[in-house]
$ cat entry.pdb   # PDB, C-alpha atoms and all ligand atoms
ATOM      1  CA  MET I   1     111.285 184.980 209.773
ATOM      2  CA  THR I   2     114.940 185.305 210.870
ATOM      3  CA  THR I   3     117.479 183.894 208.421
ATOM      4  CA  PRO I   4     120.834 182.437 209.562
ATOM      5  CA  LEU I   5     123.666 184.926 208.957
ATOM      6  CA  SER I   6     125.453 182.653 206.481
ATOM      7  CA  ASP I   7     122.415 182.542 204.136
ATOM      8  CA  ARG I   8     121.595 186.226 204.223
ATOM      9  CA  ALA I   9     123.890 187.523 201.506
ATOM     10  CA  SER I  10     122.626 185.126 198.843
ATOM     11  CA  ALA I  11     118.997 184.774 199.927
ATOM     12  CA  PRO I  12     118.195 187.421 202.547
ATOM     13  CA  LEU I  13     114.485 186.548 202.485
ATOM     14  CA  ALA I  14     114.800 182.743 202.458
ATOM     15  CA  GLY I  15     111.834 181.320 204.348
ATOM     16  CA  SER I  16     109.902 184.619 204.302
ATOM     17  CA  ARG I  17     106.261 184.272 203.260
ATOM     18  CA  VAL I  18     104.939 187.261 201.334
ATOM     19  CA  LEU I  19     101.500 188.342 200.154
ATOM     20  CA  LEU I  20     102.090 191.044 197.529
ATOM     21  CA  VAL I  21      98.998 192.859 196.237
ATOM     22  CA  GLY I  22      99.190 194.999 193.096
ATOM     23  CA  ALA I  23     101.768 192.748 191.445
ATOM     24  CA  SER I  24     100.441 192.637 187.873
ATOM     25  CA  ALA I  25     102.374 195.696 186.671
ATOM     26  CA  GLY I  26     104.931 198.381 187.432
ATOM     27  CA  ILE I  27     106.612 198.502 190.826
ATOM     28  CA  GLY I  28     104.639 195.487 192.099
ATOM     29  CA  ARG I  29     105.811 193.266 189.256
ATOM     30  CA  ALA I  30     109.442 194.400 189.671
ATOM     31  CA  LEU I  31     109.148 193.756 193.395
ATOM     32  CA  ALA I  32     107.843 190.222 192.800
ATOM     33  CA  VAL I  33     110.887 189.490 190.644
ATOM     34  CA  ARG I  34     113.290 190.768 193.300
ATOM     35  CA  LEU I  35     111.457 189.063 196.189
ATOM     36  CA  VAL I  36     111.675 185.652 194.503
ATOM     37  CA  ALA I  37     115.370 186.301 193.736
ATOM     38  CA  ALA I  38     115.870 187.105 197.439
ATOM     39  CA  GLY I  39     114.418 183.705 198.404
ATOM     40  CA  ALA I  40     110.886 184.688 199.453
ATOM     41  CA  GLU I  41     107.832 182.477 198.992
ATOM     42  CA  LEU I  42     105.275 184.606 197.267
ATOM     43  CA  VAL I  43     101.576 184.961 196.551
ATOM     44  CA  VAL I  44     100.906 187.750 194.058
ATOM     45  CA  ALA I  45      97.512 189.360 193.621
ATOM     46  CA  ALA I  46      95.714 191.901 191.431
ATOM     47  CA  ARG I  47      92.618 191.925 189.209
ATOM     48  CA  ARG I  48      94.200 190.840 185.896
ATOM     49  CA  GLY I  49      95.044 187.148 185.912
ATOM     50  CA  ASP I  50      96.865 187.208 182.562
ATOM     51  CA  GLU I  51      99.203 189.966 183.759
ATOM     52  CA  LEU I  52      99.752 188.176 187.081
ATOM     53  CA  GLU I  53     100.822 185.075 185.156
ATOM     54  CA  LYS I  54     103.392 187.226 183.315
ATOM     55  CA  THR I  55     104.691 188.363 186.713
ATOM     56  CA  VAL I  56     104.991 184.743 187.887
ATOM     57  CA  ALA I  57     106.806 183.822 184.655
ATOM     58  CA  GLU I  58     109.204 186.778 184.898
ATOM     59  CA  ALA I  59     109.898 186.118 188.577
ATOM     60  CA  ALA I  60     110.186 182.366 187.957
ATOM     61  CA  GLY I  61     108.258 181.879 191.183
ATOM     62  CA  GLY I  62     105.190 182.848 193.148
ATOM     63  CA  GLN I  63     101.547 181.873 192.888
ATOM     64  CA  ALA I  64      98.837 184.100 191.454
ATOM     65  CA  VAL I  65      95.461 184.878 193.025
ATOM     66  CA  CYS I  66      93.048 187.212 191.223
ATOM     67  CA  ALA I  67      91.396 189.716 193.548
ATOM     68  CA  ASP I  68      89.897 193.187 193.429
ATOM     69  CA  VAL I  69      90.650 195.061 196.669
ATOM     70  CA  ARG I  70      87.397 197.016 196.213
ATOM     71  CA  ASP I  71      85.456 193.776 196.712
ATOM     72  CA  PRO I  72      85.277 192.668 200.377
ATOM     73  CA  ALA I  73      84.560 189.025 199.398
ATOM     74  CA  ASP I  74      87.669 189.032 197.191
ATOM     75  CA  CYS I  75      89.767 190.380 200.085
ATOM     76  CA  GLU I  76      88.601 187.551 202.361
ATOM     77  CA  ARG I  77      89.186 184.902 199.705
ATOM     78  CA  LEU I  78      92.625 186.342 198.923
ATOM     79  CA  ALA I  79      93.725 186.201 202.562
ATOM     80  CA  ARG I  80      92.467 182.620 202.964
ATOM     81  CA  GLU I  81      94.086 181.420 199.727
ATOM     82  CA  ALA I  82      97.369 183.139 200.600
ATOM     83  CA  ALA I  83      97.353 181.499 204.031
ATOM     84  CA  ASP I  84      96.522 178.096 202.491
ATOM     85  CA  ARG I  85      99.455 178.397 200.107
ATOM     86  CA  LEU I  86     102.005 180.052 202.419
ATOM     87  CA  GLY I  87     101.016 178.728 205.863
ATOM     88  CA  ALA I  88     101.285 182.207 207.404
ATOM     89  CA  ILE I  89     102.187 185.683 206.184
ATOM     90  CA  ASP I  90     105.434 187.391 207.283
ATOM     91  CA  PHE I  91     105.147 190.327 204.860
ATOM     92  CA  LEU I  92     101.911 191.892 203.638
ATOM     93  CA  ILE I  93     102.788 194.420 200.946
ATOM     94  CA  SER I  94     100.496 196.538 198.786
ATOM     95  CA  CYS I  95     101.574 198.201 195.547
ATOM     96  CA  VAL I  96      97.952 198.839 194.599
ATOM     97  CA  GLY I  97      97.299 202.306 193.266
ATOM     98  CA  ALA I  98      95.325 204.062 190.570
ATOM     99  CA  ALA I  99      94.157 207.562 189.755
ATOM    100  CA  ARG I 100      91.599 209.328 187.616
ATOM    101  CA  LEU I 101      92.532 212.743 186.250
ATOM    102  CA  ARG I 102      89.707 215.042 187.377
ATOM    103  CA  PRO I 103      89.700 218.763 188.145
ATOM    104  CA  ILE I 104      88.489 219.066 191.721
ATOM    105  CA  ALA I 105      85.220 220.797 190.721
ATOM    106  CA  GLU I 106      84.403 217.822 188.492
ATOM    107  CA  THR I 107      85.300 215.158 191.070
ATOM    108  CA  GLY I 108      81.990 213.499 191.865
ATOM    109  CA  LEU I 109      80.819 211.130 194.575
ATOM    110  CA  GLU I 110      81.624 208.065 192.483
ATOM    111  CA  ASP I 111      85.176 209.354 191.821
ATOM    112  CA  TRP I 112      85.711 209.833 195.570
ATOM    113  CA  ARG I 113      84.310 206.416 196.390
ATOM    114  CA  TRP I 114      86.449 204.752 193.696
ATOM    115  CA  ALA I 115      89.653 206.533 194.774
ATOM    116  CA  LEU I 116      89.166 205.863 198.482
ATOM    117  CA  GLU I 117      88.211 202.216 197.958
ATOM    118  CA  THR I 118      91.060 201.551 195.528
ATOM    119  CA  ASN I 119      93.858 203.389 197.303
ATOM    120  CA  ALA I 120      92.927 203.322 200.982
ATOM    121  CA  VAL I 121      90.003 201.213 202.199
ATOM    122  CA  GLY I 122      90.795 198.301 199.881
ATOM    123  CA  PHE I 123      94.126 197.756 201.588
ATOM    124  CA  HIS I 124      92.451 198.079 204.996
ATOM    125  CA  ARG I 125      90.095 195.274 203.985
ATOM    126  CA  VAL I 126      92.972 193.071 202.832
ATOM    127  CA  LEU I 127      94.712 193.697 206.149
ATOM    128  CA  CYS I 128      91.553 192.962 208.187
ATOM    129  CA  SER I 129      91.062 189.699 206.294
ATOM    130  CA  SER I 130      94.749 188.749 206.635
ATOM    131  CA  LEU I 131      94.979 189.508 210.351
ATOM    132  CA  PRO I 132      94.298 185.922 211.540
ATOM    133  CA  PHE I 133      97.055 184.659 209.242
ATOM    134  CA  LEU I 134      99.796 187.198 209.971
ATOM    135  CA  ALA I 135     102.889 185.776 211.666
ATOM    136  CA  PRO I 136     104.011 187.386 214.936
ATOM    137  CA  ASN I 137     105.958 190.594 214.209
ATOM    138  CA  ALA I 138     104.803 190.547 210.571
ATOM    139  CA  LEU I 139     105.709 193.557 208.457
ATOM    140  CA  VAL I 140     102.756 195.327 206.843
ATOM    141  CA  THR I 141     103.268 198.049 204.281
ATOM    142  CA  ALA I 142     101.568 199.869 201.422
ATOM    143  CA  LEU I 143     102.920 202.311 198.887
ATOM    144  CA  SER I 144     101.790 205.897 199.276
ATOM    145  CA  SER I 145     102.867 208.782 197.090
ATOM    146  CA  GLU I 146     104.798 212.026 197.158
ATOM    147  CA  ALA I 147     101.503 213.449 195.819
ATOM    148  CA  VAL I 148     100.273 213.520 199.433
ATOM    149  CA  ASP I 149     102.397 216.611 200.061
ATOM    150  CA  GLN I 150     101.767 218.299 196.735
ATOM    151  CA  HIS I 151      98.762 220.046 195.306
ATOM    152  CA  ARG I 152      98.725 218.533 191.835
ATOM    153  CA  ALA I 153      95.920 219.753 189.631
ATOM    154  CA  ALA I 154      93.414 217.026 188.690
ATOM    155  CA  LEU I 155      94.846 214.534 191.219
ATOM    156  CA  GLY I 156      92.993 215.792 194.303
ATOM    157  CA  ALA I 157      91.059 212.576 194.968
ATOM    158  CA  TYR I 158      94.178 210.441 194.430
ATOM    159  CA  ALA I 159      96.317 212.523 196.838
ATOM    160  CA  THR I 160      93.506 212.553 199.415
ATOM    161  CA  SER I 161      93.102 208.777 199.174
ATOM    162  CA  LYS I 162      96.854 208.228 199.657
ATOM    163  CA  LEU I 163      96.771 210.493 202.710
ATOM    164  CA  ALA I 164      93.858 208.400 203.986
ATOM    165  CA  LEU I 165      95.971 205.275 203.385
ATOM    166  CA  GLU I 166      98.771 206.745 205.519
ATOM    167  CA  ARG I 167      96.329 207.589 208.321
ATOM    168  CA  ILE I 168      94.889 204.059 208.159
ATOM    169  CA  LEU I 169      98.409 202.658 208.534
ATOM    170  CA  ARG I 170      99.002 204.934 211.544
ATOM    171  CA  ALA I 171      95.793 203.695 213.146
ATOM    172  CA  TRP I 172      96.917 200.092 212.673
ATOM    173  CA  GLN I 173     100.327 201.022 214.063
ATOM    174  CA  SER I 174      98.830 202.417 217.252
ATOM    175  CA  GLU I 175      96.218 199.679 217.783
ATOM    176  CA  HIS I 176      98.349 196.699 216.691
ATOM    177  CA  PRO I 177     101.813 197.063 218.211
ATOM    178  CA  GLU I 178     102.364 193.342 217.606
ATOM    179  CA  LEU I 179     102.752 194.204 213.899
ATOM    180  CA  ARG I 180     105.474 196.207 212.194
ATOM    181  CA  ILE I 181     103.792 198.842 210.038
ATOM    182  CA  THR I 182     105.767 200.867 207.501
ATOM    183  CA  ARG I 183     104.385 203.800 205.507
ATOM    184  CA  ILE I 184     106.306 204.190 202.265
ATOM    185  CA  ARG I 185     106.085 207.278 200.063
ATOM    186  CA  VAL I 186     107.292 206.804 196.521
ATOM    187  CA  GLY I 187     108.490 209.440 194.067
ATOM    188  CA  GLN I 188     108.323 209.490 190.292
ATOM    189  CA  THR I 189     108.808 206.001 188.860
ATOM    190  CA  PHE I 190     108.804 205.178 185.172
ATOM    191  CA  PRO I 191     107.779 203.193 183.156
ATOM    192  CA  THR I 192     104.760 201.669 184.900
ATOM    193  CA  ASN I 193     101.094 201.243 184.034
ATOM    194  CA  PHE I 194     100.147 204.168 186.233
ATOM    195  CA  GLY I 195      98.209 206.766 184.233
ATOM    196  CA  SER I 196      98.087 204.563 181.138
ATOM    197  CA  GLU I 197      94.340 205.197 180.902
ATOM    198  CA  PHE I 198      94.563 208.961 181.367
ATOM    199  CA  ASP I 199      92.773 210.868 178.622
ATOM    200  CA  GLY I 200      95.341 212.615 176.379
ATOM    201  CA  GLU I 201      93.620 216.003 176.401
ATOM    202  CA  ALA I 202      93.094 215.984 180.187
ATOM    203  CA  LEU I 203      96.737 214.956 180.659
ATOM    204  CA  GLY I 204      97.915 217.830 178.444
ATOM    205  CA  LYS I 205      95.975 220.323 180.587
ATOM    206  CA  ALA I 206      97.269 218.713 183.798
ATOM    207  CA  PHE I 207     100.883 218.883 182.565
ATOM    208  CA  GLU I 208     100.444 222.570 181.831
ATOM    209  CA  ALA I 209      99.117 223.175 185.350
ATOM    210  CA  TRP I 210     101.890 221.067 186.960
ATOM    211  CA  GLY I 211     104.488 223.014 184.946
ATOM    212  CA  ASN I 212     103.006 226.337 186.097
ATOM    213  CA  ASP I 213     103.108 225.095 189.702
ATOM    214  CA  GLY I 214     106.766 223.959 189.391
ATOM    215  CA  LEU I 215     105.796 220.286 189.861
ATOM    216  CA  LEU I 216     107.253 218.811 186.678
ATOM    217  CA  VAL I 217     110.165 216.712 187.933
ATOM    218  CA  ASP I 218     112.537 215.499 185.247
ATOM    219  CA  ARG I 219     114.232 212.717 187.261
ATOM    220  CA  TYR I 220     112.655 209.313 187.700
ATOM    221  CA  MET I 221     113.443 205.891 189.171
ATOM    222  CA  SER I 222     112.956 202.605 187.346
ATOM    223  CA  PRO I 223     110.473 200.128 188.913
ATOM    224  CA  ASP I 224     113.414 197.749 189.423
ATOM    225  CA  ALA I 225     115.411 200.382 191.343
ATOM    226  CA  VAL I 226     112.440 201.064 193.635
ATOM    227  CA  ALA I 227     111.935 197.308 194.077
ATOM    228  CA  GLY I 228     115.630 196.892 194.947
ATOM    229  CA  ALA I 229     115.402 199.582 197.628
ATOM    230  CA  LEU I 230     112.280 197.938 199.082
ATOM    231  CA  VAL I 231     113.882 194.492 199.169
ATOM    232  CA  GLY I 232     116.724 196.134 201.124
ATOM    233  CA  LEU I 233     114.153 197.283 203.682
ATOM    234  CA  PHE I 234     112.471 193.871 203.862
ATOM    235  CA  SER I 235     115.832 192.099 204.195
ATOM    236  CA  MET I 236     116.686 194.385 207.085
ATOM    237  CA  ALA I 237     113.305 193.606 208.679
ATOM    238  CA  ALA I 238     113.942 189.859 208.367
ATOM    239  CA  ALA I 239     117.421 190.166 209.891
ATOM    240  CA  PHE I 240     116.464 192.581 212.695
ATOM    241  CA  PRO I 241     113.075 191.640 214.175
ATOM    242  CA  SER I 242     113.487 194.240 216.951
ATOM    243  CA  VAL I 243     113.505 197.143 214.465
ATOM    244  CA  THR I 244     110.528 198.865 212.846
ATOM    245  CA  VAL I 245     110.969 201.439 210.106
ATOM    246  CA  GLU I 246     107.804 203.462 210.572
ATOM    247  CA  GLU I 247     108.110 205.602 207.489
ATOM    248  CA  LEU I 248     110.270 205.754 204.425
ATOM    249  CA  THR I 249     110.479 207.995 201.368
ATOM    250  CA  VAL I 250     111.919 206.515 198.189
ATOM    251  CA  ALA I 251     112.780 209.330 195.778
ATOM    252  CA  PRO I 252     115.042 209.784 192.740
ATOM    253  CA  SER I 253     118.602 210.820 193.589
ATOM    254  CA  ALA I 254     120.738 213.167 191.515
ATOM    255  CA  ALA I 255     122.078 210.035 189.785
ATOM    256  CA  ALA I 256     118.625 209.016 188.540
ATOM    257  CA  ALA I 257     117.797 209.136 184.839
ATOM    258  CA  THR I 258     116.026 212.139 183.357
ATOM    259  CA  PHE I 259     113.333 212.235 180.700
ATOM    260  CA  SER I 260     115.584 214.485 178.608
ATOM    261  CA  GLN I 261     118.297 211.763 178.722
ATOM    262  CA  SER I 262     115.832 209.029 177.702
ATOM    263  CA  ALA I 263     114.596 211.167 174.805
ATOM    264  CA  SER I 264     118.135 211.702 173.422
TER     265      SER I 264
HETATM  266  N1  LIG M 301     104.683 205.380 189.209
HETATM  267  C1  LIG M 301     104.860 206.435 189.998
HETATM  268  O1  LIG M 301     105.483 207.452 189.596
HETATM  269  C2  LIG M 301     104.361 206.420 191.423
HETATM  270  C3  LIG M 301     104.660 207.539 192.226
HETATM  271  C4  LIG M 301     104.211 207.549 193.541
HETATM  272  C5  LIG M 301     103.499 206.475 194.069
HETATM  273  N2  LIG M 301     103.204 205.406 193.266
HETATM  274  C6  LIG M 301     102.448 204.310 193.878
HETATM  275  O2  LIG M 301     103.182 203.112 193.730
HETATM  276  C7  LIG M 301     102.280 201.992 193.601
HETATM  277  C8  LIG M 301     102.602 201.230 192.319
HETATM  278  O3  LIG M 301     102.442 202.133 191.225
HETATM  279  P1  LIG M 301     102.827 201.758 189.742
HETATM  280  O4  LIG M 301     103.310 203.022 189.112
HETATM  281  O5  LIG M 301     103.650 200.550 189.710
HETATM  282  O6  LIG M 301     101.358 201.477 189.148
HETATM  283  P2  LIG M 301     100.818 200.391 188.107
HETATM  284  O7  LIG M 301     101.882 199.969 187.171
HETATM  285  O8  LIG M 301      99.581 200.995 187.518
HETATM  286  O9  LIG M 301     100.411 199.167 189.056
HETATM  287  C9  LIG M 301      99.316 199.285 189.924
HETATM  288  C10 LIG M 301      98.922 197.921 190.444
HETATM  289  O10 LIG M 301      97.739 198.082 191.243
HETATM  290  C11 LIG M 301      96.822 197.058 190.872
HETATM  291  N3  LIG M 301      95.447 197.471 191.162
HETATM  292  C12 LIG M 301      94.821 198.619 190.792
HETATM  293  N4  LIG M 301      93.555 198.611 191.218
HETATM  294  C13 LIG M 301      93.369 197.429 191.880
HETATM  295  C14 LIG M 301      92.286 196.827 192.539
HETATM  296  N5  LIG M 301      91.077 197.444 192.619
HETATM  297  N6  LIG M 301      92.447 195.625 193.113
HETATM  298  C15 LIG M 301      93.643 194.982 193.042
HETATM  299  N7  LIG M 301      94.724 195.504 192.432
HETATM  300  C16 LIG M 301      94.580 196.717 191.852
HETATM  301  C17 LIG M 301      97.061 196.879 189.369
HETATM  302  O11 LIG M 301      96.627 195.601 188.939
HETATM  303  P3  LIG M 301      95.264 195.279 188.158
HETATM  304  O12 LIG M 301      94.977 196.429 187.257
HETATM  305  O13 LIG M 301      95.598 194.008 187.427
HETATM  306  O14 LIG M 301      94.243 195.089 189.217
HETATM  307  C18 LIG M 301      98.592 196.946 189.337
HETATM  308  O15 LIG M 301      99.131 195.672 189.640
HETATM  309  C19 LIG M 301     100.870 202.593 193.621
HETATM  310  O16 LIG M 301     100.370 202.554 194.925
HETATM  311  C20 LIG M 301     101.088 204.046 193.201
HETATM  312  O17 LIG M 301     100.079 204.859 193.720
HETATM  313  C21 LIG M 301     103.621 205.352 191.949
END
$ encode --input "entry.pdb" --output "structure tokens"
Amino acid sequence: MTTPLSDRASAPLAGSRVLLVGASAGIGRALAVRLVAAGAELVVAARRGDELEKTVAEAAGGQAVCADVRDPADCERLAREAADRLGAIDFLISCVGAARLRPIAETGLEDWRWALETNAVGFHRVLCSSLPFLAPNALVTALSSEAVDQHRAALGAYATSKLALERILRAWQSEHPELRITRIRVGQTFPTNFGSEFDGEALGKAFEAWGNDGLLVDRYMSPDAVAGALVGLFSMAAAFPSVTVEELTVAPSAAAATFSQSAS
């Protein structure tokens, strides 16, 4: 996993073997592109094979494996296929995430199950299945959200599931000190696929509530900027095996674009 100093500037992740889940869109796709550019060997996974193939084409590298993290058999197959193709896994990264817009009083058992399986337990299953194939000192990470600390109307199940994801990562951190576990909270990133299936009327009502609660943030990061910051973290991890970054927040700076700028 450690790269000779002379190679680091051009290919800081040369020789690093990465399983990246949630790579068919948004931040995951941008990350795949940057990981290949940084020299990593990559297996990319998500449910939609056609979109994964677009990721592979854009990255000019990587191999696609279709898998639904809500399906335990898929998680096992994904880990085995990734290990077959990579040999072992130095970085296990999840950009999986999805939300349904539901007022809390209308959030039913199926919504809870779906949110927790998609955003929290699914990654746990991928990690359990990958455990035999993780290289010593492997870095394991999954993207959480700033929503964990906010009370956003109609996103209660999503925020709860991301908090569950963070607690799952903490449990792994305490019980598996041989791994490097990083919890990453991400702020507003645009454009991605996230929310593309939100109902227009429900979104209008949610926007009104977020505005009233002072939660409408104008600044946003591009998926590529977030991916660049993450590749910086992974490059550091490859160069400094004795260091673990336990948690990280990636948020728009004052120099980030605003929606008012993009509209003008
Ligand atoms: N965009 C933001 O402003 C923002 C803010 C905070 C945190 N985040 C977090 O950042 C991560 C990436 O978000 P994004 O905005 O890039 O979202 P996105 O464009 O919607 O991408 C989400 C990815 O998750 C995959 N996915 C969803 N359900 C899956 C399942 N059951 N099994 C396997 N893969 C699944 C999707 O692929 P398939 O549909 O092909 O399966 C897709 O590749 C997510 O964890 C999100 O919660 C985003």
$ resolve_selection --input "entry.pdb" --expression "the PyMOL selection byres (((chain I and resi 34) around 10) and not hetatm)" --output "VMD selection string"
chain I and resid 28 to 33 35 to 40 59 224 227 to 228 230 to 231
$ residues_around --input "entry.pdb" --residues "Arg219 of chain I" --least-positions-apart "3" --cutoff "7 Å" --atoms "only C-alpha atoms" --output "JSON, numbers by chain"
{"I": [252, 256, 257, 258, 259]}
$ resolve_selection --input "entry.pdb" --expression "the PyMOL selection byres (((not hetatm)) within 6 of (chain M and resi 301))" --output "PyMOL selection string"
chain I and resi 22-28+46-48+67-70+95-98+118+143-146+186-190+192-194
$ residues_around --input "entry.pdb" --residues "segment 102-111 of chain I" --least-positions-apart "3" --cutoff "9 Å" --atoms "all atoms listed in the file" --output "JSON, numbers by chain"
{"I": [114, 115, 116, 153, 154, 155, 156, 157, 202, 206]}
$ atom_distance --input "entry.pdb" --atom1 "atom CA of Val21 of chain I" --atom2 "atom CA of Ser94 of chain I"
4.7 Å
$ atom_distance --input "entry.pdb" --atom1 "atom CA of Leu101 of chain I" --atom2 "atom CA of Phe198 of chain I"
6.5 Å
$ closest_residue --input "entry.pdb" --among "I:Gln173, I:Thr55, I:Ser262, I:Ser235" --to "Leu13 of chain I" --atoms "only C-alpha atoms"
I:Ser235
$ atom_distance --input "entry.pdb" --atom1 "atom CA of Ala83 of chain I" --atom2 "atom CA of Arg167 of chain I"
26.5 Å
$ axis_aligned_box --input "entry.pdb" --around "segment 222-238 of chain I" --padding-each-side "5 Å" --output "AutoDock Vina command-line options"
--center_x 113.6 --center_y 196.2 --center_z 198.0 --size_x 16.3 --size_y 22.7 --size_z 31.3
$ closest_residue --input "entry.pdb" --among "I:Leu139, I:Met221, I:Leu52, I:Val250" --to "Phe234 of chain I" --atoms "only C-alpha atoms"
I:Leu139
$ residues_around --input "entry.pdb" --residues "Leu163 of chain I" --least-positions-apart "5" --cutoff "9 Å" --atoms "all atoms listed in the file" --output "PyMOL selection string"
chain I and resi 120+144-145+147-149+158+168
$ resolve_selection --input "entry.pdb" --expression "the PyMOL selection byres (((chain I and resi 248) around 6) and not hetatm)" --output "VMD selection string"
chain I and resid 184 247 249
$ closest_residue --input "entry.pdb" --among "I:Asn137, I:Ala11, I:Gly122, I:Arg152" --to "Ala209 of chain I" --atoms "all atoms listed in the file"
I:Arg152
$ residues_around --input "entry.pdb" --residues "Arg125 of chain I" --least-positions-apart "4" --cutoff "7 Å" --atoms "all atoms listed in the file" --output "JSON, numbers by chain"
{"I": [72, 75, 121, 129]}
$ build_atoms --input "entry.pdb" --residues "segment 147-165 of chain I" --atoms "N, CA and C atoms" --output "PDB file, keeping the file's coordinate frame"
ATOM      1  N   ALA I 147     102.631 212.567 196.141  1.00  0.00           N
ATOM      2  CA  ALA I 147     101.503 213.449 195.819  1.00  0.00           C
ATOM      3  C   ALA I 147     100.771 213.913 197.074  1.00  0.00           C
ATOM      4  N   VAL I 148     100.934 213.164 198.179  1.00  0.00           N
ATOM      5  CA  VAL I 148     100.273 213.520 199.433  1.00  0.00           C
ATOM      6  C   VAL I 148     100.656 214.935 199.870  1.00  0.00           C
ATOM      7  N   ASP I 149     101.888 215.314 199.605  1.00  0.00           N
ATOM      8  CA  ASP I 149     102.397 216.611 200.061  1.00  0.00           C
ATOM      9  C   ASP I 149     102.333 217.684 198.987  1.00  0.00           C
ATOM     10  N   GLN I 150     101.792 217.330 197.831  1.00  0.00           N
ATOM     11  CA  GLN I 150     101.767 218.299 196.735  1.00  0.00           C
ATOM     12  C   GLN I 150     100.313 218.598 196.370  1.00  0.00           C
ATOM     13  N   HIS I 151     100.106 219.726 195.786  1.00  0.00           N
ATOM     14  CA  HIS I 151      98.762 220.046 195.306  1.00  0.00           C
ATOM     15  C   HIS I 151      98.796 219.953 193.794  1.00  0.00           C
ATOM     16  N   ARG I 152      98.660 218.744 193.290  1.00  0.00           N
ATOM     17  CA  ARG I 152      98.725 218.533 191.835  1.00  0.00           C
ATOM     18  C   ARG I 152      97.337 218.652 191.236  1.00  0.00           C
ATOM     19  N   ALA I 153      97.212 219.566 190.291  1.00  0.00           N
ATOM     20  CA  ALA I 153      95.920 219.753 189.631  1.00  0.00           C
ATOM     21  C   ALA I 153      95.414 218.426 189.093  1.00  0.00           C
ATOM     22  N   ALA I 154      94.135 218.188 189.239  1.00  0.00           N
ATOM     23  CA  ALA I 154      93.414 217.026 188.690  1.00  0.00           C
ATOM     24  C   ALA I 154      93.739 215.708 189.394  1.00  0.00           C
ATOM     25  N   LEU I 155      94.545 215.768 190.453  1.00  0.00           N
ATOM     26  CA  LEU I 155      94.846 214.534 191.219  1.00  0.00           C
ATOM     27  C   LEU I 155      94.408 214.671 192.683  1.00  0.00           C
ATOM     28  N   GLY I 156      93.425 215.541 192.923  1.00  0.00           N
ATOM     29  CA  GLY I 156      92.993 215.792 194.303  1.00  0.00           C
ATOM     30  C   GLY I 156      92.475 214.546 195.010  1.00  0.00           C
ATOM     31  N   ALA I 157      91.633 213.766 194.321  1.00  0.00           N
ATOM     32  CA  ALA I 157      91.059 212.576 194.968  1.00  0.00           C
ATOM     33  C   ALA I 157      92.148 211.527 195.212  1.00  0.00           C
ATOM     34  N   TYR I 158      93.074 211.403 194.266  1.00  0.00           N
ATOM     35  CA  TYR I 158      94.178 210.441 194.430  1.00  0.00           C
ATOM     36  C   TYR I 158      95.026 210.819 195.648  1.00  0.00           C
ATOM     37  N   ALA I 159      95.461 212.099 195.721  1.00  0.00           N
ATOM     38  CA  ALA I 159      96.317 212.523 196.838  1.00  0.00           C
ATOM     39  C   ALA I 159      95.589 212.349 198.173  1.00  0.00           C
ATOM     40  N   THR I 160      94.299 212.684 198.179  1.00  0.00           N
ATOM     41  CA  THR I 160      93.506 212.553 199.415  1.00  0.00           C
ATOM     42  C   THR I 160      93.417 211.087 199.824  1.00  0.00           C
ATOM     43  N   SER I 161      93.236 210.205 198.846  1.00  0.00           N
ATOM     44  CA  SER I 161      93.102 208.777 199.174  1.00  0.00           C
ATOM     45  C   SER I 161      94.428 208.209 199.682  1.00  0.00           C
ATOM     46  N   LYS I 162      95.546 208.700 199.161  1.00  0.00           N
ATOM     47  CA  LYS I 162      96.854 208.228 199.657  1.00  0.00           C
ATOM     48  C   LYS I 162      97.113 208.752 201.070  1.00  0.00           C
ATOM     49  N   LEU I 163      96.657 209.983 201.340  1.00  0.00           N
ATOM     50  CA  LEU I 163      96.771 210.493 202.710  1.00  0.00           C
ATOM     51  C   LEU I 163      95.916 209.652 203.649  1.00  0.00           C
ATOM     52  N   ALA I 164      94.722 209.281 203.179  1.00  0.00           N
ATOM     53  CA  ALA I 164      93.858 208.400 203.986  1.00  0.00           C
ATOM     54  C   ALA I 164      94.559 207.069 204.240  1.00  0.00           C
ATOM     55  N   LEU I 165      95.228 206.534 203.213  1.00  0.00           N
ATOM     56  CA  LEU I 165      95.971 205.275 203.385  1.00  0.00           C
ATOM     57  C   LEU I 165      97.018 205.427 204.500  1.00  0.00           C
TER      58      LEU I 165
END
